[in-house]
Amino acid sequence: MNGPHDLGGQMGFGPVAAEKDEPYFHAEWEKRALGLTLSCGAFGAWTIDESRHARENIPPADYLSASYYEIWIRALEVLLDRHGFTTAAEIDVGHKQMIAAVPKRILKADMVASVLARGGACDRPVEAAARFAVGEKVRTKNFNPETHTRLPRYARARIGVVEAVQGSFVFPDDNAHGKGENPQWVYTVVFDGREIWGVGADPSLTVSIDAWESYLEPL
Amino acid sequence: MHDDPDHHHHHDNRFSDMQARVKALETVLTEKGLIDPAAIDAIVEAYETQIGPRNGAHVVARAWSDPAFAEWLKSDATAAIASLGYTGRQGEHMRAVFNTHTTHNLVVCTLCSCYPWSVLGLPPVWYKAPAYRSRAVIDPRGVLAEFGLTLPAEKKIRVWDSTAELRYLVIPERPEGTEGLSEQQLAGLVSRDAMIGTAVASAPGAAA
């Protein structure tokens, strides 16, 4: 979707505010927000793609004025409600009011180290051969779905070169919406800065994205 | 529509006090037996004490010290990094990109906050914020200047937008005058920002 998250090339946000000796957390609630997000992700009720889409769906004015942990919490409340675990009313009150859905698993303290060390690989085998080869010129598609996609707006309808075939991975555009993993080949596609930004672009700049096969057309 | 209390608009005051909102959420989930508050403590402790940029600096120092390891990093970064014990969440599919005399690499996630947690830990606030995400792909030299890094005009800049599940680690150039240093001393020259690409490795004697 063309949401507030798709920030590449937008202007007006001012300088990067790097903080010297930045702490890992700026408030106690940020620690809980991290842990809650990971603990609820362990339920197995939604995918990382669905959670990304929930964040993208935060209204633009909210998204752009929120800290990133606030973005996580706003999206987490939506996901918990959608999948029957909590309601906004319960969180407003601060106590349980209804029976929750049953998660596939509950993350206990003694599981944390192994869960973090294992992660969640999302490469999947596909039977078809990769359609594009290293060195091949491709054009990214021009589309504007209301649903989840990982093709940024700035990189749509641009000509680039396949630099690497990275393997086959879960296709987020489908997986975010419960349509299955439908893995596809993923390619690193590199663009000249002038192809993306046109007149005035830094001539020494190249930008790459990692693109699923269905984002690309042969030239 | 604007009278609907459930309608999320930008005057939504349910999120005006995040401390209270998150506390309420944790309480409800705990009452339902869905979460273990001690697991949250364990997650926080892991990212505060174990999973951070020292991991990545170890990888870089090894690559500088051991050409065979550097080649392994180029061909299969996930396995090479796993051999040092760094695996897992947001590091499942690693790629290492090497700065050279002619090219400087810079990593961003314009769409969210993708970042190689297994080797760098949790991303800093600026990495997740709109200013960096919007400008890194269109004005990287301007961004680098704000970090105090001015590259020669002839140096090429390659920006890697982490749009899929690959996570990128920049391997900075090894500073001159470091021939006699141990791996541990070399790691001390490698800052988090040098592995994102918003800095270069420090010269010996300067703080990383």
# chains A, B, ... in the order shown; residues from 1 in each chain; ligands from 1
>>> residues_around(residues="segment 15-20 of chain A", least_positions_apart="2", cutoff="9 Å", atoms="only C-alpha atoms", output="list in words")
Gly12, Phe13, Glu22 and Pro23 of chain A; Pro124, Val125, Trp126, Tyr127, Ala129, Pro130, Ala131, Tyr132, Arg135, Gly142, Val143, Glu146 and Phe147 of chain B
>>> interface_residues(of="chain A", to="chain B", cutoff="6 Å", atoms="only C-alpha atoms", output="mmCIF file with C-alpha atoms, in the first residue's frame")
data_model
loop_
_atom_site.group_PDB
_atom_site.id
_atom_site.type_symbol
_atom_site.label_atom_id
_atom_site.label_comp_id
_atom_site.auth_asym_id
_atom_site.auth_seq_id
_atom_site.Cartn_x
_atom_site.Cartn_y
_atom_site.Cartn_z
ATOM 1 C CA HIS A 5 5.882 3.915 5.908
ATOM 2 C CA ASP A 6 7.104 4.126 2.302
ATOM 3 C CA LEU A 7 9.537 6.939 2.984
ATOM 4 C CA GLY A 8 12.312 6.630 0.396
ATOM 5 C CA GLY A 9 12.885 9.980 -1.301
ATOM 6 C CA GLN A 10 10.346 11.952 0.719
ATOM 7 C CA PHE A 13 11.868 15.566 7.837
ATOM 8 C CA VAL A 16 19.080 12.902 11.040
ATOM 9 C CA ALA A 17 18.954 13.216 14.814
ATOM 10 C CA ALA A 18 21.723 10.878 15.880
ATOM 11 C CA TRP A 29 7.688 1.069 28.526
ATOM 12 C CA GLY A 35 9.122 -7.933 24.868
ATOM 13 C CA ALA A 61 -0.404 11.627 10.832
ATOM 14 C CA ASP A 62 -0.142 9.119 13.693
ATOM 15 C CA ILE A 91 -6.778 -2.317 27.304
ATOM 16 C CA GLY A 94 -6.646 -2.474 31.982
ATOM 17 C CA HIS A 95 -8.178 -5.833 32.848
ATOM 18 C CA LYS A 96 -9.405 -9.053 31.271
ATOM 19 C CA LYS A 108 8.173 -18.662 28.664
ATOM 20 C CA ALA A 109 11.337 -17.162 30.093
ATOM 21 C CA LEU A 116 16.094 -15.703 19.729
ATOM 22 C CA ALA A 117 19.023 -17.857 18.597
ATOM 23 C CA ARG A 118 16.815 -19.813 16.194
ATOM 24 C CA GLY A 119 14.913 -16.894 14.651
ATOM 25 C CA ALA A 121 14.081 -18.335 8.488
ATOM 26 C CA ARG A 150 7.715 -4.598 -0.448
ATOM 27 C CA SER A 204 28.176 8.577 -7.867
ATOM 28 C CA LEU A 205 25.048 6.967 -6.363
ATOM 29 C CA THR A 206 23.653 3.505 -6.952
ATOM 30 C CA VAL A 207 20.739 2.088 -4.941
ATOM 31 C CA SER A 208 19.689 -1.530 -4.707
ATOM 32 C CA ILE A 209 16.538 -3.216 -3.538
ATOM 33 C CA ASP A 210 15.770 -6.876 -2.974
#
>>> select_by_dssp(residues="segment 83-163 of chain B", states="helix (DSSP H, G or I)", output="ChimeraX atom specification")
/B:117-120,125-128,130-135,140-146
>>> write_last_selection(atoms="N, CA and C atoms", output="PDB file, in the first residue's frame")
ATOM      1  N   TRP B 117      19.844  -7.678  13.578  1.00  0.00           N
ATOM      2  CA  TRP B 117      19.843  -7.738  15.048  1.00  0.00           C
ATOM      3  C   TRP B 117      20.912  -8.683  15.589  1.00  0.00           C
ATOM      4  N   SER B 118      21.147  -9.805  14.924  1.00  0.00           N
ATOM      5  CA  SER B 118      22.043 -10.821  15.490  1.00  0.00           C
ATOM      6  C   SER B 118      23.474 -10.297  15.624  1.00  0.00           C
ATOM      7  N   VAL B 119      23.842  -9.351  14.779  1.00  0.00           N
ATOM      8  CA  VAL B 119      25.206  -8.817  14.850  1.00  0.00           C
ATOM      9  C   VAL B 119      25.275  -7.374  15.343  1.00  0.00           C
ATOM     10  N   LEU B 120      24.189  -6.619  15.253  1.00  0.00           N
ATOM     11  CA  LEU B 120      24.226  -5.224  15.706  1.00  0.00           C
ATOM     12  C   LEU B 120      23.270  -4.942  16.864  1.00  0.00           C
ATOM     13  N   VAL B 125      17.380   4.800  17.376  1.00  0.00           N
ATOM     14  CA  VAL B 125      16.149   5.518  17.014  1.00  0.00           C
ATOM     15  C   VAL B 125      16.269   6.174  15.638  1.00  0.00           C
ATOM     16  N   TRP B 126      17.430   6.785  15.365  1.00  0.00           N
ATOM     17  CA  TRP B 126      17.547   7.503  14.091  1.00  0.00           C
ATOM     18  C   TRP B 126      17.401   6.579  12.895  1.00  0.00           C
ATOM     19  N   TYR B 127      17.819   5.318  13.035  1.00  0.00           N
ATOM     20  CA  TYR B 127      17.741   4.376  11.914  1.00  0.00           C
ATOM     21  C   TYR B 127      16.283   4.099  11.541  1.00  0.00           C
ATOM     22  N   LYS B 128      15.394   4.177  12.539  1.00  0.00           N
ATOM     23  CA  LYS B 128      13.975   3.847  12.339  1.00  0.00           C
ATOM     24  C   LYS B 128      13.133   5.086  12.016  1.00  0.00           C
ATOM     25  N   PRO B 130      11.890   8.813  10.238  1.00  0.00           N
ATOM     26  CA  PRO B 130      11.675   9.249   8.853  1.00  0.00           C
ATOM     27  C   PRO B 130      12.853   9.995   8.212  1.00  0.00           C
ATOM     28  N   ALA B 131      13.599  10.795   8.967  1.00  0.00           N
ATOM     29  CA  ALA B 131      14.655  11.585   8.326  1.00  0.00           C
ATOM     30  C   ALA B 131      15.678  10.675   7.641  1.00  0.00           C
ATOM     31  N   TYR B 132      16.139   9.651   8.356  1.00  0.00           N
ATOM     32  CA  TYR B 132      17.135   8.745   7.764  1.00  0.00           C
ATOM     33  C   TYR B 132      16.520   7.891   6.664  1.00  0.00           C
ATOM     34  N   ARG B 133      15.360   7.319   6.937  1.00  0.00           N
ATOM     35  CA  ARG B 133      14.738   6.414   5.962  1.00  0.00           C
ATOM     36  C   ARG B 133      14.387   7.127   4.660  1.00  0.00           C
ATOM     37  N   SER B 134      14.009   8.388   4.738  1.00  0.00           N
ATOM     38  CA  SER B 134      13.630   9.117   3.532  1.00  0.00           C
ATOM     39  C   SER B 134      14.852   9.563   2.736  1.00  0.00           C
ATOM     40  N   ARG B 135      15.911   9.966   3.442  1.00  0.00           N
ATOM     41  CA  ARG B 135      17.016  10.638   2.740  1.00  0.00           C
ATOM     42  C   ARG B 135      18.165   9.727   2.357  1.00  0.00           C
ATOM     43  N   PRO B 140      22.434  10.482   0.169  1.00  0.00           N
ATOM     44  CA  PRO B 140      23.305   9.828   1.154  1.00  0.00           C
ATOM     45  C   PRO B 140      24.486  10.697   1.577  1.00  0.00           C
ATOM     46  N   ARG B 141      25.018  11.492   0.659  1.00  0.00           N
ATOM     47  CA  ARG B 141      26.159  12.337   1.061  1.00  0.00           C
ATOM     48  C   ARG B 141      25.731  13.369   2.099  1.00  0.00           C
ATOM     49  N   GLY B 142      24.534  13.900   1.941  1.00  0.00           N
ATOM     50  CA  GLY B 142      24.033  14.848   2.935  1.00  0.00           C
ATOM     51  C   GLY B 142      23.848  14.178   4.288  1.00  0.00           C
ATOM     52  N   VAL B 143      23.340  12.946   4.269  1.00  0.00           N
ATOM     53  CA  VAL B 143      23.161  12.203   5.515  1.00  0.00           C
ATOM     54  C   VAL B 143      24.524  11.930   6.166  1.00  0.00           C
ATOM     55  N   LEU B 144      25.478  11.463   5.356  1.00  0.00           N
ATOM     56  CA  LEU B 144      26.793  11.138   5.914  1.00  0.00           C
ATOM     57  C   LEU B 144      27.450  12.385   6.500  1.00  0.00           C
ATOM     58  N   ALA B 145      27.268  13.537   5.848  1.00  0.00           N
ATOM     59  CA  ALA B 145      27.864  14.772   6.372  1.00  0.00           C
ATOM     60  C   ALA B 145      27.319  15.078   7.756  1.00  0.00           C
ATOM     61  N   GLU B 146      26.042  14.755   7.996  1.00  0.00           N
ATOM     62  CA  GLU B 146      25.466  14.988   9.325  1.00  0.00           C
ATOM     63  C   GLU B 146      26.082  14.060  10.374  1.00  0.00           C
TER      64      GLU B 146
END
>>> residues_around(residues="Phe98 of chain B", least_positions_apart="3", cutoff="7 Å", atoms="only C-alpha atoms", output="number ranges by chain")
B: 170-172
>>> write_last_selection(atoms="N, CA and C atoms", output="PDB file, in the first residue's frame")
ATOM      1  N   VAL B 170      27.824  -3.971   6.878  1.00  0.00           N
ATOM      2  CA  VAL B 170      28.924  -3.332   6.146  1.00  0.00           C
ATOM      3  C   VAL B 170      30.250  -3.734   6.797  1.00  0.00           C
ATOM      4  N   ILE B 171      31.192  -4.185   5.976  1.00  0.00           N
ATOM      5  CA  ILE B 171      32.554  -4.456   6.445  1.00  0.00           C
ATOM      6  C   ILE B 171      33.399  -3.247   6.056  1.00  0.00           C
ATOM      7  N   PRO B 172      33.728  -2.412   7.031  1.00  0.00           N
ATOM      8  CA  PRO B 172      34.501  -1.209   6.681  1.00  0.00           C
ATOM      9  C   PRO B 172      35.909  -1.571   6.221  1.00  0.00           C
TER      10      PRO B 172
END
>>> select_by_dssp(residues="segment 1-218 of chain A", states="strand (DSSP E or B)", output="number ranges by chain")
A: 123, 137-140, 159-169, 184-192, 205-212, 216-218
>>> closest_residue(among="A:Val112, A:Asn2, A:Val165, A:Arg194", to="Arg153 of chain A", atoms="only C-alpha atoms")
A:Asn2
>>> atom_distance(atom1="atom CA of Glu146 of chain A", atom2="atom CA of His177 of chain A")
11.5 Å
>>> residues_around(residues="Val190 of chain B", least_positions_apart="5", cutoff="9 Å", atoms="only C-alpha atoms", output="PyMOL selection string")
chain B and resi 53-54+56-58+60-61+172+195+200-202+208
>>> closest_residue(among="B:Ala96, B:Ala199, B:Ala70, B:Ala63", to="Thr150 of chain B", atoms="only C-alpha atoms")
B:Ala199
>>> atom_distance(atom1="atom CA of Asp66 of chain B", atom2="atom CA of Ala187 of chain B")
13.3 Å
>>> atom_distance(atom1="atom CA of Glu70 of chain A", atom2="atom CA of Tyr115 of chain B")
18.1 Å
>>> residues_around(residues="Glu136 of chain A", least_positions_apart="3", cutoff="12 Å", atoms="only C-alpha atoms", output="list in words")
Arg131, Phe132, Ala133, Arg139, Ile159, Gly160, Val161, Val162, Glu163, Ala164, Val165, Tyr187, Thr188, Val189, Val190, Leu216, Glu217, Pro218 and Leu219 of chain A
>>> write_last_selection(atoms="C-alpha atoms", output="PDB file, in the first residue's frame")
ATOM      1  CA  ARG A 131      13.606 -16.398 -14.393  1.00  0.00           C
ATOM      2  CA  PHE A 132      16.338 -13.758 -14.358  1.00  0.00           C
ATOM      3  CA  ALA A 133      20.120 -14.104 -14.392  1.00  0.00           C
ATOM      4  CA  ARG A 139      12.231  -3.170 -15.238  1.00  0.00           C
ATOM      5  CA  ILE A 159      15.253  -0.045 -15.105  1.00  0.00           C
ATOM      6  CA  GLY A 160      17.968  -1.795 -13.151  1.00  0.00           C
ATOM      7  CA  VAL A 161      20.385  -4.690 -13.354  1.00  0.00           C
ATOM      8  CA  VAL A 162      20.141  -8.003 -11.530  1.00  0.00           C
ATOM      9  CA  GLU A 163      23.236  -8.150  -9.380  1.00  0.00           C
ATOM     10  CA  ALA A 164      22.524 -11.316  -7.400  1.00  0.00           C
ATOM     11  CA  VAL A 165      20.033 -14.138  -7.236  1.00  0.00           C
ATOM     12  CA  TYR A 187      16.944 -10.714  -6.698  1.00  0.00           C
ATOM     13  CA  THR A 188      19.159  -7.834  -5.693  1.00  0.00           C
ATOM     14  CA  VAL A 189      18.463  -5.235  -8.377  1.00  0.00           C
ATOM     15  CA  VAL A 190      20.726  -2.212  -8.596  1.00  0.00           C
ATOM     16  CA  LEU A 216      10.166  -7.592 -12.265  1.00  0.00           C
ATOM     17  CA  GLU A 217       9.705  -7.635 -16.027  1.00  0.00           C
ATOM     18  CA  PRO A 218      12.298  -8.568 -18.644  1.00  0.00           C
ATOM     19  CA  LEU A 219      13.489  -5.824 -20.959  1.00  0.00           C
TER      20      LEU A 219
END
>>> decode(residues="segment 22-152 of chain B", atoms="C-alpha atoms", output="mmCIF file, in the first residue's frame")
data_model
loop_
_atom_site.group_PDB
_atom_site.id
_atom_site.type_symbol
_atom_site.label_atom_id
_atom_site.label_comp_id
_atom_site.auth_asym_id
_atom_site.auth_seq_id
_atom_site.Cartn_x
_atom_site.Cartn_y
_atom_site.Cartn_z
ATOM 1 C CA VAL B 22 1.702 -0.607 27.620
ATOM 2 C CA LYS B 23 1.276 -1.446 31.292
ATOM 3 C CA ALA B 24 -2.432 -2.058 30.700
ATOM 4 C CA LEU B 25 -1.677 -4.250 27.707
ATOM 5 C CA GLU B 26 0.835 -6.325 29.674
ATOM 6 C CA THR B 27 -1.635 -6.668 32.567
ATOM 7 C CA VAL B 28 -4.459 -7.909 30.336
ATOM 8 C CA LEU B 29 -2.214 -10.402 28.546
ATOM 9 C CA THR B 30 -0.792 -11.644 31.848
ATOM 10 C CA GLU B 31 -4.267 -12.058 33.375
ATOM 11 C CA LYS B 32 -5.183 -14.198 30.376
ATOM 12 C CA GLY B 33 -2.080 -16.343 30.780
ATOM 13 C CA LEU B 34 -0.934 -15.425 27.279
ATOM 14 C CA ILE B 35 2.429 -13.992 28.209
ATOM 15 C CA ASP B 36 5.130 -14.591 30.788
ATOM 16 C CA PRO B 37 6.419 -11.249 32.143
ATOM 17 C CA ALA B 38 9.685 -12.994 32.986
ATOM 18 C CA ALA B 39 10.099 -13.780 29.287
ATOM 19 C CA ILE B 40 9.917 -10.046 28.566
ATOM 20 C CA ASP B 41 12.627 -9.468 31.163
ATOM 21 C CA ALA B 42 14.746 -12.150 29.488
ATOM 22 C CA ILE B 43 14.286 -10.615 26.028
ATOM 23 C CA VAL B 44 15.291 -7.175 27.295
ATOM 24 C CA GLU B 45 18.298 -8.565 29.118
ATOM 25 C CA ALA B 46 19.455 -10.443 26.026
ATOM 26 C CA TYR B 47 19.436 -7.269 23.914
ATOM 27 C CA GLU B 48 20.936 -5.126 26.663
ATOM 28 C CA THR B 49 23.799 -7.446 27.532
ATOM 29 C CA GLN B 50 24.457 -10.056 24.822
ATOM 30 C CA ILE B 51 23.133 -9.204 21.382
ATOM 31 C CA GLY B 52 24.753 -5.956 20.304
ATOM 32 C CA PRO B 53 27.318 -4.343 17.989
ATOM 33 C CA ARG B 54 30.259 -6.076 19.692
ATOM 34 C CA ASN B 55 29.084 -9.180 17.835
ATOM 35 C CA GLY B 56 29.396 -7.416 14.495
ATOM 36 C CA ALA B 57 32.741 -5.887 15.432
ATOM 37 C CA HIS B 58 34.018 -9.401 16.120
ATOM 38 C CA VAL B 59 32.909 -10.443 12.623
ATOM 39 C CA VAL B 60 34.651 -7.446 11.045
ATOM 40 C CA ALA B 61 37.874 -7.968 13.002
ATOM 41 C CA ARG B 62 37.949 -11.619 11.986
ATOM 42 C CA ALA B 63 37.412 -10.649 8.340
ATOM 43 C CA TRP B 64 40.320 -8.199 8.553
ATOM 44 C CA SER B 65 42.567 -10.782 10.200
ATOM 45 C CA ASP B 66 41.707 -13.885 8.227
ATOM 46 C CA PRO B 67 41.402 -13.675 4.414
ATOM 47 C CA ALA B 68 39.750 -17.100 4.250
ATOM 48 C CA PHE B 69 37.057 -15.914 6.665
ATOM 49 C CA ALA B 70 36.578 -12.763 4.575
ATOM 50 C CA GLU B 71 36.043 -14.909 1.479
ATOM 51 C CA TRP B 72 33.542 -17.053 3.397
ATOM 52 C CA LEU B 73 31.714 -13.878 4.468
ATOM 53 C CA LYS B 74 31.492 -12.795 0.826
ATOM 54 C CA SER B 75 30.138 -16.134 -0.357
ATOM 55 C CA ASP B 76 27.978 -17.224 2.610
ATOM 56 C CA ALA B 77 27.739 -14.566 5.301
ATOM 57 C CA THR B 78 25.030 -16.399 7.254
ATOM 58 C CA ALA B 79 27.231 -19.458 7.762
ATOM 59 C CA ALA B 80 30.440 -17.500 8.352
ATOM 60 C CA ILE B 81 28.761 -15.345 10.999
ATOM 61 C CA ALA B 82 27.096 -18.394 12.581
ATOM 62 C CA SER B 83 30.553 -19.968 12.985
ATOM 63 C CA LEU B 84 31.299 -17.182 15.504
ATOM 64 C CA GLY B 85 28.081 -17.956 17.381
ATOM 65 C CA TYR B 86 25.834 -15.194 16.045
ATOM 66 C CA THR B 87 22.572 -16.541 14.690
ATOM 67 C CA GLY B 88 18.861 -16.084 14.914
ATOM 68 C CA ARG B 89 16.248 -13.402 14.951
ATOM 69 C CA GLN B 90 16.728 -10.747 12.247
ATOM 70 C CA GLY B 91 19.987 -12.358 11.210
ATOM 71 C CA GLU B 92 18.597 -15.457 9.515
ATOM 72 C CA HIS B 93 19.729 -14.374 6.038
ATOM 73 C CA MET B 94 22.896 -12.302 6.265
ATOM 74 C CA ARG B 95 24.872 -10.551 3.542
ATOM 75 C CA ALA B 96 28.183 -8.815 4.131
ATOM 76 C CA VAL B 97 29.072 -5.866 1.893
ATOM 77 C CA PHE B 98 32.676 -4.727 1.778
ATOM 78 C CA ASN B 99 33.776 -1.125 1.541
ATOM 79 C CA THR B 100 36.614 -0.640 -0.913
ATOM 80 C CA HIS B 101 38.916 2.113 -1.998
ATOM 81 C CA THR B 102 36.342 3.087 -4.620
ATOM 82 C CA THR B 103 32.938 2.262 -3.062
ATOM 83 C CA HIS B 104 31.299 3.098 0.251
ATOM 84 C CA ASN B 105 28.267 1.079 1.341
ATOM 85 C CA LEU B 106 25.302 2.398 3.314
ATOM 86 C CA VAL B 107 22.383 0.327 4.643
ATOM 87 C CA VAL B 108 18.806 1.510 5.155
ATOM 88 C CA CYS B 109 15.286 0.129 5.359
ATOM 89 C CA THR B 110 13.037 2.719 3.740
ATOM 90 C CA LEU B 111 9.863 0.678 4.379
ATOM 91 C CA CYS B 112 10.255 -0.167 8.078
ATOM 92 C CA SER B 113 13.249 -0.833 10.304
ATOM 93 C CA CYS B 114 14.932 -3.989 8.979
ATOM 94 C CA TYR B 115 18.324 -4.299 10.664
ATOM 95 C CA PRO B 116 20.744 -7.165 11.397
ATOM 96 C CA TRP B 117 19.843 -7.738 15.048
ATOM 97 C CA SER B 118 22.043 -10.821 15.490
ATOM 98 C CA VAL B 119 25.206 -8.817 14.850
ATOM 99 C CA LEU B 120 24.226 -5.224 15.706
ATOM 100 C CA GLY B 121 21.475 -5.647 18.305
ATOM 101 C CA LEU B 122 18.513 -3.291 18.360
ATOM 102 C CA PRO B 123 18.582 -0.419 15.876
ATOM 103 C CA PRO B 124 19.099 3.140 17.111
ATOM 104 C CA VAL B 125 16.149 5.518 17.014
ATOM 105 C CA TRP B 126 17.547 7.503 14.091
ATOM 106 C CA TYR B 127 17.741 4.376 11.914
ATOM 107 C CA LYS B 128 13.975 3.847 12.339
ATOM 108 C CA ALA B 129 12.986 7.507 11.993
ATOM 109 C CA PRO B 130 11.675 9.249 8.853
ATOM 110 C CA ALA B 131 14.655 11.585 8.326
ATOM 111 C CA TYR B 132 17.135 8.745 7.764
ATOM 112 C CA ARG B 133 14.738 6.414 5.962
ATOM 113 C CA SER B 134 13.630 9.117 3.532
ATOM 114 C CA ARG B 135 17.016 10.638 2.740
ATOM 115 C CA ALA B 136 19.490 7.750 2.755
ATOM 116 C CA VAL B 137 18.412 6.700 -0.748
ATOM 117 C CA ILE B 138 18.247 10.162 -2.349
ATOM 118 C CA ASP B 139 20.846 12.220 -0.463
ATOM 119 C CA PRO B 140 23.305 9.828 1.154
ATOM 120 C CA ARG B 141 26.159 12.337 1.061
ATOM 121 C CA GLY B 142 24.033 14.848 2.935
ATOM 122 C CA VAL B 143 23.161 12.203 5.515
ATOM 123 C CA LEU B 144 26.793 11.138 5.914
ATOM 124 C CA ALA B 145 27.864 14.772 6.372
ATOM 125 C CA GLU B 146 25.466 14.988 9.325
ATOM 126 C CA PHE B 147 27.362 12.064 10.836
ATOM 127 C CA GLY B 148 30.603 13.958 10.272
ATOM 128 C CA LEU B 149 31.670 11.770 7.359
ATOM 129 C CA THR B 150 32.653 13.516 4.136
ATOM 130 C CA LEU B 151 33.655 11.135 1.380
ATOM 131 C CA PRO B 152 35.823 12.130 -1.579
#
